[in-house]
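Trainee: Take a look at entry-v8.cif, mmCIF, C-alpha atoms:
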data_protein
#
loop_
_atom_site.group_PDB
_atom_site.id
_atom_site.type_symbol
_atom_site.label_atom_id
_atom_site.label_comp_id
_atom_site.auth_asym_id
_atom_site.auth_seq_id
_atom_site.Cartn_x
_atom_site.Cartn_y
_atom_site.Cartn_z
ATOM 1 C CA VAL A 28 10.654 19.743 8.964
ATOM 2 C CA LYS A 29 11.108 21.896 5.885
ATOM 3 C CA SER A 30 10.342 25.552 5.542
ATOM 4 C CA ALA A 31 7.397 26.752 3.505
ATOM 5 C CA PRO A 32 7.963 27.189 -0.251
ATOM 6 C CA THR A 33 8.289 30.581 -1.845
ATOM 7 C CA TYR A 34 5.871 29.915 -4.705
ATOM 8 C CA ASP A 35 2.195 30.736 -4.617
ATOM 9 C CA GLU A 36 0.288 28.155 -2.568
ATOM 10 C CA GLY A 37 -2.923 29.033 -4.381
ATOM 11 C CA SER A 38 -1.475 27.834 -7.655
ATOM 12 C CA LEU A 39 -0.926 24.374 -6.167
ATOM 13 C CA ALA A 40 -4.507 24.229 -4.947
ATOM 14 C CA ARG A 41 -5.713 25.104 -8.441
ATOM 15 C CA GLY A 42 -3.361 22.559 -9.979
ATOM 16 C CA SER A 43 -2.520 24.976 -12.797
ATOM 17 C CA ASP A 44 1.117 25.691 -12.016
ATOM 18 C CA ARG A 45 4.180 23.854 -10.772
ATOM 19 C CA PRO A 46 7.010 25.243 -8.650
ATOM 20 C CA PRO A 47 9.362 26.693 -11.288
ATOM 21 C CA LYS A 48 12.595 25.952 -9.416
ATOM 22 C CA LEU A 49 11.662 22.253 -9.246
ATOM 23 C CA LEU A 50 10.819 21.998 -12.926
ATOM 24 C CA GLU A 51 14.164 23.164 -14.257
ATOM 25 C CA GLN A 52 16.490 20.252 -13.513
ATOM 26 C CA GLN A 53 14.249 17.160 -13.463
ATOM 27 C CA VAL A 54 13.863 14.443 -16.084
ATOM 28 C CA ASN A 55 10.162 14.132 -15.238
ATOM 29 C CA ALA A 56 9.679 17.583 -13.848
ATOM 30 C CA THR A 57 5.959 17.469 -13.121
ATOM 31 C CA TYR A 58 6.147 14.235 -11.129
ATOM 32 C CA ALA A 59 9.215 15.415 -9.233
ATOM 33 C CA ALA A 60 7.487 18.688 -8.388
ATOM 34 C CA MET A 61 4.450 16.824 -7.051
ATOM 35 C CA ILE A 62 6.611 14.683 -4.769
ATOM 36 C CA GLU A 63 8.607 17.669 -3.548
ATOM 37 C CA THR A 64 5.423 19.636 -2.930
ATOM 38 C CA MET A 65 3.947 16.806 -0.872
ATOM 39 C CA ASP A 66 7.153 16.533 1.157
ATOM 40 C CA THR A 67 7.251 20.262 1.769
ATOM 41 C CA ASN A 68 3.646 20.449 2.895
ATOM 42 C CA VAL A 69 3.975 17.486 5.236
ATOM 43 C CA GLY A 70 6.768 19.517 6.805
ATOM 44 C CA ARG A 71 4.463 22.512 7.116
ATOM 45 C CA LEU A 72 1.831 20.391 8.888
ATOM 46 C CA LEU A 73 4.393 19.040 11.351
ATOM 47 C CA ALA A 74 5.703 22.540 11.989
ATOM 48 C CA LYS A 75 2.169 23.775 12.704
ATOM 49 C CA LEU A 76 1.602 20.971 15.220
ATOM 50 C CA HIS A 77 4.729 22.110 17.071
ATOM 51 C CA GLU A 78 3.640 25.719 16.859
ATOM 52 C CA LEU A 79 0.244 24.881 18.390
ATOM 53 C CA GLY A 80 1.753 22.688 21.099
ATOM 54 C CA LEU A 81 0.002 19.573 19.764
ATOM 55 C CA ALA A 82 2.998 17.582 18.510
ATOM 56 C CA ASP A 83 3.339 15.465 21.650
ATOM 57 C CA ASN A 84 -0.361 14.602 21.669
ATOM 58 C CA THR A 85 -0.819 13.644 18.018
ATOM 59 C CA VAL A 86 -0.491 10.311 16.224
ATOM 60 C CA ILE A 87 0.966 10.691 12.724
ATOM 61 C CA LEU A 88 0.621 7.925 10.127
ATOM 62 C CA PHE A 89 2.287 8.375 6.738
ATOM 63 C CA THR A 90 2.029 5.803 3.976
ATOM 64 C CA SER A 91 0.723 5.322 0.419
ATOM 65 C CA ASP A 92 -2.008 3.401 -1.338
ATOM 66 C CA ASN A 93 0.218 2.270 -4.225
ATOM 67 C CA GLY A 94 3.817 1.689 -5.158
ATOM 68 C CA GLY A 95 5.744 4.181 -7.233
ATOM 69 C CA HIS A 96 4.649 5.370 -10.668
ATOM 70 C CA PHE A 97 6.155 3.478 -13.612
ATOM 71 C CA ILE A 98 8.529 6.376 -14.292
ATOM 72 C CA THR A 99 10.172 5.840 -10.893
ATOM 73 C CA SER A 100 12.413 3.040 -9.667
ATOM 74 C CA ASN A 101 11.020 0.499 -7.202
ATOM 75 C CA ARG A 102 14.140 -1.686 -7.174
ATOM 76 C CA PRO A 103 14.533 -4.383 -6.019
ATOM 77 C CA LEU A 104 10.759 -4.771 -6.186
ATOM 78 C CA ARG A 105 8.995 -5.829 -9.371
ATOM 79 C CA GLY A 106 6.169 -3.802 -10.872
ATOM 80 C CA CYS A 107 4.733 -0.413 -10.031
ATOM 81 C CA LYS A 108 1.510 1.388 -9.193
ATOM 82 C CA GLY A 109 -1.554 -0.629 -10.158
ATOM 83 C CA TRP A 110 0.247 -3.986 -10.293
ATOM 84 C CA LEU A 111 -0.061 -6.679 -7.621
ATOM 85 C CA TYR A 112 3.646 -7.422 -7.667
ATOM 86 C CA GLU A 113 5.474 -6.095 -4.618
ATOM 87 C CA GLY A 114 6.396 -2.897 -6.429
ATOM 88 C CA GLY A 115 2.707 -2.053 -6.542
ATOM 89 C CA VAL A 116 1.540 -3.108 -3.070
ATOM 90 C CA ARG A 117 4.520 -2.906 -0.699
ATOM 91 C CA GLU A 118 4.729 0.507 0.950
ATOM 92 C CA PRO A 119 6.754 1.968 3.799
ATOM 93 C CA TRP A 120 4.846 3.180 6.843
ATOM 94 C CA PHE A 121 6.052 5.968 9.073
ATOM 95 C CA VAL A 122 4.391 6.316 12.459
ATOM 96 C CA LYS A 123 5.116 8.984 15.054
ATOM 97 C CA TRP A 124 3.349 8.693 18.394
ATOM 98 C CA PRO A 125 5.287 10.358 21.210
ATOM 99 C CA GLY A 126 5.374 8.214 24.327
ATOM 100 C CA VAL A 127 4.249 5.073 22.483
ATOM 101 C CA THR A 128 6.418 4.389 19.431
ATOM 102 C CA LYS A 129 10.159 4.119 19.935
ATOM 103 C CA PRO A 130 12.046 6.619 17.739
ATOM 104 C CA GLY A 131 14.152 4.880 15.096
ATOM 105 C CA SER A 132 12.558 1.478 15.620
ATOM 106 C CA THR A 133 11.336 -0.728 12.779
ATOM 107 C CA CYS A 134 8.739 -3.484 12.413
ATOM 108 C CA ASP A 135 8.630 -6.203 9.756
ATOM 109 C CA VAL A 136 5.108 -7.489 10.432
ATOM 110 C CA PRO A 137 2.931 -6.952 7.314
ATOM 111 C CA ILE A 138 -0.138 -4.750 7.716
ATOM 112 C CA ILE A 139 -2.536 -3.210 5.191
ATOM 113 C CA ASN A 140 -4.264 0.150 4.778
ATOM 114 C CA THR A 141 -7.608 -1.200 5.950
ATOM 115 C CA ASP A 142 -5.965 -1.565 9.371
ATOM 116 C CA ILE A 143 -5.825 2.217 9.811
ATOM 117 C CA PHE A 144 -9.413 2.722 10.973
ATOM 118 C CA PRO A 145 -9.477 0.076 13.755
ATOM 119 C CA THR A 146 -6.036 1.234 14.900
ATOM 120 C CA ILE A 147 -7.143 4.853 15.244
ATOM 121 C CA LEU A 148 -10.297 3.768 17.079
ATOM 122 C CA GLU A 149 -8.267 1.811 19.631
ATOM 123 C CA ALA A 150 -5.694 4.594 19.964
ATOM 124 C CA ALA A 151 -8.513 7.028 20.750
ATOM 125 C CA GLY A 152 -10.006 4.684 23.336
ATOM 126 C CA LEU A 153 -13.083 4.022 21.211
ATOM 127 C CA PRO A 154 -14.756 0.631 20.639
ATOM 128 C CA ALA A 155 -14.052 -1.336 17.478
ATOM 129 C CA ARG A 156 -16.533 -1.092 14.604
ATOM 130 C CA PRO A 157 -16.145 -4.454 12.830
ATOM 131 C CA ASP A 158 -19.155 -3.661 10.653
ATOM 132 C CA LEU A 159 -17.102 -0.836 9.121
ATOM 133 C CA HIS A 160 -13.642 -2.440 9.038
ATOM 134 C CA GLN A 161 -14.215 -6.096 8.196
ATOM 135 C CA ASP A 162 -10.847 -6.397 6.447
ATOM 136 C CA GLY A 163 -8.888 -4.438 9.047
ATOM 137 C CA VAL A 164 -7.423 -5.131 12.485
ATOM 138 C CA SER A 165 -5.728 -2.769 14.913
ATOM 139 C CA PHE A 166 -1.934 -2.774 14.831
ATOM 140 C CA LEU A 167 -1.617 -0.850 18.087
ATOM 141 C CA SER A 168 0.278 -3.782 19.581
ATOM 142 C CA LEU A 169 2.964 -3.404 16.905
ATOM 143 C CA LEU A 170 3.364 0.296 17.680
ATOM 144 C CA LYS A 171 4.061 -0.689 21.272
ATOM 145 C CA GLY A 172 6.839 -3.045 20.207
ATOM 146 C CA GLY A 173 4.933 -6.263 19.543
ATOM 147 C CA THR A 174 6.026 -8.700 16.845
ATOM 148 C CA LYS A 175 3.070 -11.097 16.598
ATOM 149 C CA PRO A 176 1.562 -11.283 13.072
ATOM 150 C CA LEU A 177 -1.903 -9.742 12.823
ATOM 151 C CA HIS A 178 -3.184 -11.315 9.588
ATOM 152 C CA ASP A 179 -3.071 -14.967 8.639
ATOM 153 C CA ALA A 180 -3.579 -13.812 5.043
ATOM 154 C CA LEU A 181 -3.563 -10.577 3.044
ATOM 155 C CA PHE A 182 -5.705 -10.104 -0.068
ATOM 156 C CA TRP A 183 -5.691 -7.736 -3.041
ATOM 157 C CA HIS A 184 -8.204 -7.494 -5.870
ATOM 158 C CA TYR A 185 -7.775 -5.488 -9.071
ATOM 159 C CA PRO A 186 -10.611 -6.580 -11.419
ATOM 160 C CA HIS A 187 -10.017 -4.108 -14.230
ATOM 161 C CA TYR A 188 -7.398 -2.628 -16.547
ATOM 162 C CA GLY A 189 -5.175 0.255 -15.549
ATOM 163 C CA ASN A 190 -3.093 2.882 -17.285
ATOM 164 C CA HIS A 191 0.168 1.265 -16.169
ATOM 165 C CA GLY A 192 -0.100 -1.784 -18.429
ATOM 166 C CA ASN A 193 -1.679 -4.058 -15.849
ATOM 167 C CA GLY A 194 -4.702 -6.320 -16.277
ATOM 168 C CA PRO A 195 -7.417 -7.827 -14.047
ATOM 169 C CA CYS A 196 -5.991 -9.930 -11.246
ATOM 170 C CA SER A 197 -6.306 -10.981 -7.615
ATOM 171 C CA SER A 198 -3.661 -11.878 -5.086
ATOM 172 C CA VAL A 199 -3.273 -13.546 -1.703
ATOM 173 C CA ARG A 200 -0.269 -13.674 0.594
ATOM 174 C CA VAL A 201 0.121 -16.242 3.388
ATOM 175 C CA GLY A 202 3.398 -16.104 5.251
ATOM 176 C CA PRO A 203 6.193 -15.873 2.662
ATOM 177 C CA TRP A 204 3.992 -17.229 -0.131
ATOM 178 C CA LYS A 205 2.184 -14.982 -2.571
ATOM 179 C CA LEU A 206 -0.107 -16.115 -5.350
ATOM 180 C CA ILE A 207 -1.296 -13.882 -8.194
ATOM 181 C CA GLU A 208 -4.267 -15.083 -10.251
ATOM 182 C CA TRP A 209 -4.773 -13.418 -13.638
ATOM 183 C CA LEU A 210 -8.502 -13.174 -14.294
ATOM 184 C CA GLU A 211 -8.394 -13.090 -18.102
ATOM 185 C CA ASP A 212 -7.092 -16.637 -18.509
ATOM 186 C CA ASP A 213 -7.005 -18.043 -14.917
ATOM 187 C CA SER A 214 -3.230 -18.391 -15.054
ATOM 188 C CA VAL A 215 -1.330 -18.116 -11.777
ATOM 189 C CA GLU A 216 2.053 -17.093 -10.473
ATOM 190 C CA LEU A 217 3.497 -18.182 -7.135
ATOM 191 C CA PHE A 218 6.415 -16.488 -5.411
ATOM 192 C CA ASN A 219 8.292 -17.019 -2.170
ATOM 193 C CA ILE A 220 8.677 -13.397 -1.081
ATOM 194 C CA ALA A 221 11.169 -14.250 1.657
ATOM 195 C CA ALA A 222 13.555 -15.914 -0.806
ATOM 196 C CA ASP A 223 12.658 -13.946 -3.940
ATOM 197 C CA LEU A 224 11.683 -10.376 -3.056
ATOM 198 C CA GLY A 225 11.970 -9.295 -6.690
ATOM 199 C CA GLU A 226 9.455 -11.983 -7.768
ATOM 200 C CA LYS A 227 11.718 -13.180 -10.553
ATOM 201 C CA ARG A 228 10.956 -16.900 -10.247
ATOM 202 C CA ASN A 229 7.450 -18.261 -10.633
ATOM 203 C CA VAL A 230 7.381 -21.539 -8.679
ATOM 204 C CA ALA A 231 3.729 -22.428 -9.310
ATOM 205 C CA LEU A 232 4.518 -25.591 -11.302
ATOM 206 C CA GLU A 233 6.750 -26.836 -8.500
ATOM 207 C CA ASN A 234 4.071 -26.395 -5.822
ATOM 208 C CA PRO A 235 0.709 -27.539 -7.265
ATOM 209 C CA GLN A 236 -0.861 -28.347 -3.895
ATOM 210 C CA LEU A 237 0.049 -24.954 -2.445
ATOM 211 C CA VAL A 238 -1.303 -23.242 -5.557
ATOM 212 C CA GLU A 239 -4.594 -25.099 -5.182
ATOM 213 C CA GLN A 240 -4.862 -24.162 -1.485
ATOM 214 C CA LEU A 241 -4.149 -20.500 -2.110
ATOM 215 C CA GLN A 242 -6.526 -20.334 -5.078
ATOM 216 C CA LEU A 243 -9.332 -21.828 -2.993
ATOM 217 C CA ARG A 244 -8.633 -19.311 -0.257
ATOM 218 C CA LEU A 245 -8.616 -16.427 -2.721
ATOM 219 C CA LYS A 246 -11.881 -17.525 -4.349
ATOM 220 C CA SER A 247 -13.505 -17.976 -0.936
ATOM 221 C CA TRP A 248 -12.452 -14.434 0.058
ATOM 222 C CA ARG A 249 -13.829 -12.956 -3.171
ATOM 223 C CA LYS A 250 -17.144 -14.732 -2.575
ATOM 224 C CA GLU A 251 -17.287 -13.637 1.057
ATOM 225 C CA THR A 252 -16.615 -9.994 0.187
ATOM 226 C CA GLN A 253 -18.845 -10.077 -2.920
ATOM 227 C CA ALA A 254 -15.924 -8.755 -4.938
ATOM 228 C CA ASN A 255 -16.679 -7.377 -8.396
ATOM 229 C CA MET A 256 -15.356 -9.535 -11.211
ATOM 230 C CA PRO A 257 -14.509 -8.550 -14.794
ATOM 231 C CA ARG A 258 -17.148 -9.291 -17.424
ATOM 232 C CA PRO A 259 -16.802 -9.632 -21.198
ATOM 233 C CA LYS A 260 -17.524 -6.418 -23.034
ATOM 234 C CA PRO A 261 -20.304 -6.894 -25.631
#
Go through the file and emit its structure as C-alpha coordinates.

Mentor:
Amino acid sequence: VKSAPTYDEGSLARGSDRPPKLLEQQVNATYAAMIETMDTNVGRLLAKLHELGLADNTVILFTSDNGGHFITSNRPLRGCKGWLYEGGVREPWFVKWPGVTKPGSTCDVPIINTDIFPTILEAAGLPARPDLHQDGVSFLSLLKGGTKPLHDALFWHYPHYGNHGNGPCSSVRVGPWKLIEWLEDDSVELFNIAADLGEKRNVALENPQLVEQLQLRLKSWRKETQANMPRPKP
(Lines of atoms letter the chains of each structure in order from A and count residues from 1; the text may use other names and numbers.)
(Lines give C-alpha, C1' and ligand atoms only; values in the text may rest on other atoms or scores of the structure.)
Protein backbone atom coordinates (compact mmCIF):
# COMPACT_ATOMS: atom_id res chain seq x y z
CA VAL A 1 0.00 0.00 0.00
CA LYS A 2 1.53 3.29 -1.09
CA SER A 3 0.99 6.66 0.45
CA ALA A 4 -1.05 9.31 -1.30
CA PRO A 5 0.79 11.50 -3.85
CA THR A 6 1.71 15.07 -3.12
CA TYR A 7 0.42 16.49 -6.41
CA ASP A 8 -3.04 17.88 -6.92
CA GLU A 9 -5.58 15.07 -7.28
CA GLY A 10 -7.95 17.39 -9.12
CA SER A 11 -5.47 17.78 -11.94
CA LEU A 12 -5.53 14.02 -12.54
CA ALA A 13 -9.31 14.01 -12.67
CA ARG A 14 -9.22 16.78 -15.26
CA GLY A 15 -6.52 14.98 -17.22
CA SER A 16 -4.71 18.27 -17.85
CA ASP A 17 -1.56 17.72 -15.82
CA ARG A 18 0.85 14.92 -15.00
CA PRO A 19 2.79 14.40 -11.77
CA PRO A 20 5.93 16.49 -12.37
CA LYS A 21 8.30 14.24 -10.41
CA LEU A 22 7.31 11.27 -12.59
CA LEU A 23 7.79 13.13 -15.85
CA GLU A 24 11.41 14.10 -15.30
CA GLN A 25 13.29 10.82 -15.68
CA GLN A 26 11.12 8.68 -17.99
CA VAL A 27 11.63 7.85 -21.66
CA ASN A 28 7.86 7.91 -22.21
CA ALA A 29 6.98 10.16 -19.34
CA THR A 30 3.24 10.45 -19.88
CA TYR A 31 2.67 6.70 -20.06
CA ALA A 32 4.91 6.07 -17.06
CA ALA A 33 3.04 8.72 -15.07
CA MET A 34 -0.30 7.10 -15.91
CA ILE A 35 0.90 3.70 -14.70
CA GLU A 36 2.40 5.14 -11.53
CA THR A 37 -0.77 7.11 -10.85
CA MET A 38 -2.92 4.00 -11.22
CA ASP A 39 -0.62 2.07 -8.88
CA THR A 40 -0.68 4.84 -6.30
CA ASN A 41 -4.45 5.15 -6.33
CA VAL A 42 -5.00 1.41 -6.05
CA GLY A 43 -2.90 1.72 -2.91
CA ARG A 44 -5.12 4.52 -1.65
CA LEU A 45 -8.24 2.38 -2.18
CA LEU A 46 -6.71 -0.53 -0.28
CA ALA A 47 -5.65 1.78 2.53
CA LYS A 48 -9.19 3.16 2.78
CA LEU A 49 -10.64 -0.35 3.04
CA HIS A 50 -8.34 -1.00 6.00
CA GLU A 51 -9.23 2.34 7.53
CA LEU A 52 -12.96 1.55 7.31
CA GLY A 53 -12.52 -1.98 8.64
CA LEU A 54 -13.74 -3.53 5.37
CA ALA A 55 -10.53 -5.15 4.13
CA ASP A 56 -11.33 -8.60 5.51
CA ASN A 57 -14.82 -8.57 4.00
CA THR A 58 -14.00 -7.39 0.49
CA VAL A 59 -13.12 -9.31 -2.68
CA ILE A 60 -10.53 -7.49 -4.80
CA LEU A 61 -9.99 -8.38 -8.46
CA PHE A 62 -7.25 -6.60 -10.40
CA THR A 63 -6.57 -7.26 -14.06
CA SER A 64 -6.57 -5.56 -17.48
CA ASP A 65 -8.54 -5.69 -20.69
CA ASN A 66 -5.47 -5.60 -22.95
CA GLY A 67 -1.78 -6.34 -22.99
CA GLY A 68 0.78 -3.59 -22.70
CA HIS A 69 0.97 -0.61 -25.04
CA PHE A 70 3.37 -0.97 -27.97
CA ILE A 71 5.88 1.30 -26.22
CA THR A 72 6.23 -1.23 -23.40
CA SER A 73 7.86 -4.65 -23.36
CA ASN A 74 5.66 -7.75 -23.23
CA ARG A 75 8.54 -10.22 -23.54
CA PRO A 76 8.47 -13.14 -24.02
CA LEU A 77 4.98 -12.61 -25.43
CA ARG A 78 4.42 -11.49 -29.01
CA GLY A 79 2.32 -8.45 -29.85
CA CYS A 80 0.74 -5.77 -27.72
CA LYS A 81 -2.55 -4.04 -26.97
CA GLY A 82 -5.12 -4.59 -29.71
CA TRP A 83 -3.43 -7.69 -31.17
CA LEU A 84 -4.69 -11.24 -30.65
CA TYR A 85 -1.21 -12.59 -30.06
CA GLU A 86 -0.54 -13.44 -26.42
CA GLY A 87 1.01 -10.03 -25.81
CA GLY A 88 -2.40 -8.51 -26.46
CA VAL A 89 -4.72 -10.94 -24.66
CA ARG A 90 -2.74 -12.61 -21.85
CA GLU A 91 -3.07 -10.66 -18.61
CA PRO A 92 -2.14 -11.33 -15.00
CA TRP A 93 -4.97 -11.50 -12.48
CA PHE A 94 -4.57 -10.58 -8.85
CA VAL A 95 -7.29 -11.69 -6.47
CA LYS A 96 -7.47 -10.96 -2.75
CA TRP A 97 -10.30 -12.56 -0.79
CA PRO A 98 -9.43 -13.02 2.88
CA GLY A 99 -10.47 -16.43 4.16
CA VAL A 100 -10.93 -17.86 0.65
CA THR A 101 -7.85 -17.30 -1.51
CA LYS A 102 -4.52 -18.55 -0.21
CA PRO A 103 -1.95 -15.73 -0.01
CA GLY A 104 0.92 -16.24 -2.45
CA SER A 105 -0.81 -19.02 -4.38
CA THR A 106 -1.00 -19.14 -8.17
CA CYS A 107 -3.35 -20.71 -10.72
CA ASP A 108 -2.57 -21.58 -14.34
CA VAL A 109 -6.13 -22.28 -15.51
CA PRO A 110 -7.08 -19.78 -18.27
CA ILE A 111 -10.06 -17.53 -17.59
CA ILE A 112 -11.41 -14.45 -19.39
CA ASN A 113 -12.84 -11.09 -18.34
CA THR A 114 -16.40 -12.13 -19.11
CA ASP A 115 -16.05 -14.54 -16.17
CA ILE A 116 -16.02 -11.65 -13.69
CA PHE A 117 -19.78 -11.09 -13.50
CA PRO A 118 -20.84 -14.71 -12.81
CA THR A 119 -18.00 -15.04 -10.30
CA ILE A 120 -19.10 -11.98 -8.34
CA LEU A 121 -22.71 -13.19 -8.39
CA GLU A 122 -21.72 -16.55 -6.91
CA ALA A 123 -19.38 -14.93 -4.38
CA ALA A 124 -22.26 -12.73 -3.21
CA GLY A 125 -24.60 -15.71 -2.90
CA LEU A 126 -26.75 -14.53 -5.80
CA PRO A 127 -28.18 -16.72 -8.60
CA ALA A 128 -26.45 -16.87 -11.96
CA ARG A 129 -27.77 -14.68 -14.78
CA PRO A 130 -26.84 -16.64 -17.92
CA ASP A 131 -28.90 -14.24 -20.03
CA LEU A 132 -26.40 -11.52 -19.09
CA HIS A 133 -23.15 -13.52 -19.07
CA GLN A 134 -23.45 -16.01 -21.92
CA ASP A 135 -19.69 -16.05 -22.51
CA GLY A 136 -18.72 -16.16 -18.84
CA VAL A 137 -18.56 -18.81 -16.12
CA SER A 138 -17.77 -18.44 -12.43
CA PHE A 139 -14.19 -19.18 -11.43
CA LEU A 140 -14.99 -19.33 -7.72
CA SER A 141 -13.78 -22.92 -7.65
CA LEU A 142 -10.33 -21.78 -8.78
CA LEU A 143 -10.16 -19.18 -6.01
CA LYS A 144 -10.77 -22.00 -3.54
CA GLY A 145 -7.84 -23.98 -4.90
CA GLY A 146 -9.44 -25.92 -7.74
CA THR A 147 -7.52 -26.78 -10.90
CA LYS A 148 -10.24 -28.04 -13.25
CA PRO A 149 -10.43 -26.07 -16.54
CA LEU A 150 -13.57 -23.95 -16.86
CA HIS A 151 -13.67 -23.33 -20.62
CA ASP A 152 -13.29 -25.90 -23.36
CA ALA A 153 -12.50 -22.98 -25.68
CA LEU A 154 -11.74 -19.27 -25.44
CA PHE A 155 -12.66 -16.83 -28.22
CA TRP A 156 -11.58 -13.33 -29.23
CA HIS A 157 -12.95 -11.15 -32.02
CA TYR A 158 -11.40 -7.92 -33.30
CA PRO A 159 -13.26 -7.04 -36.54
CA HIS A 160 -11.69 -3.66 -37.20
CA TYR A 161 -8.41 -1.77 -37.46
CA GLY A 162 -6.63 -0.34 -34.46
CA ASN A 163 -4.03 2.32 -33.77
CA HIS A 164 -1.39 -0.27 -32.88
CA GLY A 165 -0.90 -1.59 -36.42
CA ASN A 166 -3.31 -4.49 -36.10
CA GLY A 167 -6.03 -5.53 -38.54
CA PRO A 168 -9.37 -7.38 -38.39
CA CYS A 169 -9.04 -10.86 -36.96
CA SER A 170 -10.62 -13.54 -34.79
CA SER A 171 -9.03 -16.14 -32.56
CA VAL A 172 -9.87 -19.35 -30.73
CA ARG A 173 -7.85 -21.25 -28.16
CA VAL A 174 -8.49 -24.91 -27.28
CA GLY A 175 -6.07 -26.43 -24.82
CA PRO A 176 -2.54 -25.47 -25.94
CA TRP A 177 -3.66 -24.71 -29.50
CA LYS A 178 -4.47 -21.21 -30.67
CA LEU A 179 -5.67 -20.25 -34.12
CA ILE A 180 -5.76 -16.69 -35.44
CA GLU A 181 -7.85 -16.02 -38.56
CA TRP A 182 -7.12 -12.78 -40.43
CA LEU A 183 -10.39 -11.48 -41.85
CA GLU A 184 -8.96 -9.47 -44.76
CA ASP A 185 -7.66 -12.47 -46.68
CA ASP A 186 -8.84 -15.51 -44.62
CA SER A 187 -5.26 -16.50 -43.86
CA VAL A 188 -4.62 -18.35 -40.61
CA GLU A 189 -1.88 -18.87 -38.07
CA LEU A 190 -1.70 -21.79 -35.65
CA PHE A 191 0.46 -21.87 -32.54
CA ASN A 192 1.09 -24.36 -29.77
CA ILE A 193 1.12 -21.99 -26.80
CA ALA A 194 2.50 -24.62 -24.43
CA ALA A 195 5.56 -25.23 -26.61
CA ASP A 196 5.84 -21.79 -28.22
CA LEU A 197 4.68 -19.08 -25.83
CA GLY A 198 6.22 -16.36 -27.99
CA GLU A 199 4.20 -17.53 -31.04
CA LYS A 200 7.27 -17.55 -33.24
CA ARG A 201 6.39 -20.65 -35.28
CA ASN A 202 3.22 -20.86 -37.32
CA VAL A 203 2.42 -24.58 -37.63
CA ALA A 204 -0.80 -24.25 -39.64
CA LEU A 205 0.59 -26.02 -42.74
CA GLU A 206 1.69 -28.95 -40.60
CA ASN A 207 -1.75 -29.42 -39.02
CA PRO A 208 -4.42 -28.94 -41.72
CA GLN A 209 -7.07 -31.03 -39.97
CA LEU A 210 -6.67 -29.14 -36.70
CA VAL A 211 -6.83 -25.83 -38.57
CA GLU A 212 -10.07 -26.90 -40.23
CA GLN A 213 -11.60 -27.97 -36.89
CA LEU A 214 -10.65 -24.74 -35.15
CA GLN A 215 -11.85 -22.59 -38.05
CA LEU A 216 -15.23 -24.33 -38.03
CA ARG A 217 -15.48 -23.79 -34.30
CA LEU A 218 -14.57 -20.13 -34.63
CA LYS A 219 -17.08 -19.53 -37.43
CA SER A 220 -19.79 -21.33 -35.46
CA TRP A 221 -19.10 -19.11 -32.42
CA ARG A 222 -19.24 -15.94 -34.52
CA LYS A 223 -22.59 -17.04 -35.97
CA GLU A 224 -23.97 -17.98 -32.56
CA THR A 225 -22.98 -14.63 -31.03
CA GLN A 226 -23.99 -12.65 -34.14
CA ALA A 227 -20.53 -11.10 -34.16
CA ASN A 228 -20.02 -8.02 -36.32
CA MET A 229 -17.83 -8.63 -39.35
CA PRO A 230 -15.78 -6.14 -41.37
CA ARG A 231 -17.35 -4.86 -44.58
CA PRO A 232 -15.72 -3.27 -47.63
CA LYS A 233 -15.71 0.50 -47.49
CA PRO A 234 -17.42 2.01 -50.57

Trainee: Could you check which of A:Asn229, A:Ser247, A:Asn140, A:Thr174 is closest to Val199 in chain A, using only C-alpha atoms?

Mentor: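 Result for the nearest residue to Val199 in chain A: A:Ser247.
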
Trainee: Report, in Å with one decimal, the straight-line distance from CA of Tyr185 in chain A to CA of Ala221 in chain A.

Mentor: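 Those two atoms sit 23.5 Å apart.
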
Trainee: Identify all residues satisfying the PyMOL selection byres ((chain A and resi 94) around 10) in the given file; provide them as a PyMOL selection string.

Mentor: chain A and resi 91-93+95-97+99-101+104+106-119

Trainee: What is the distance, in Å and to one decimal place, between CA of Pro137 in chain A and CA of Leu181 in chain A?

Mentor: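 Straight-line distance from CA of Pro137 in chain A to CA of Leu181 in chain A works out to 8.6 Å.
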
Trainee: Please evaluate the PyMOL selection byres ((chain A and resi 156-166) around 7) against the structure above and give the resulting residues as a PyMOL selection string.

Mentor: chain A and resi 141-142+144-146+154-155+167-170
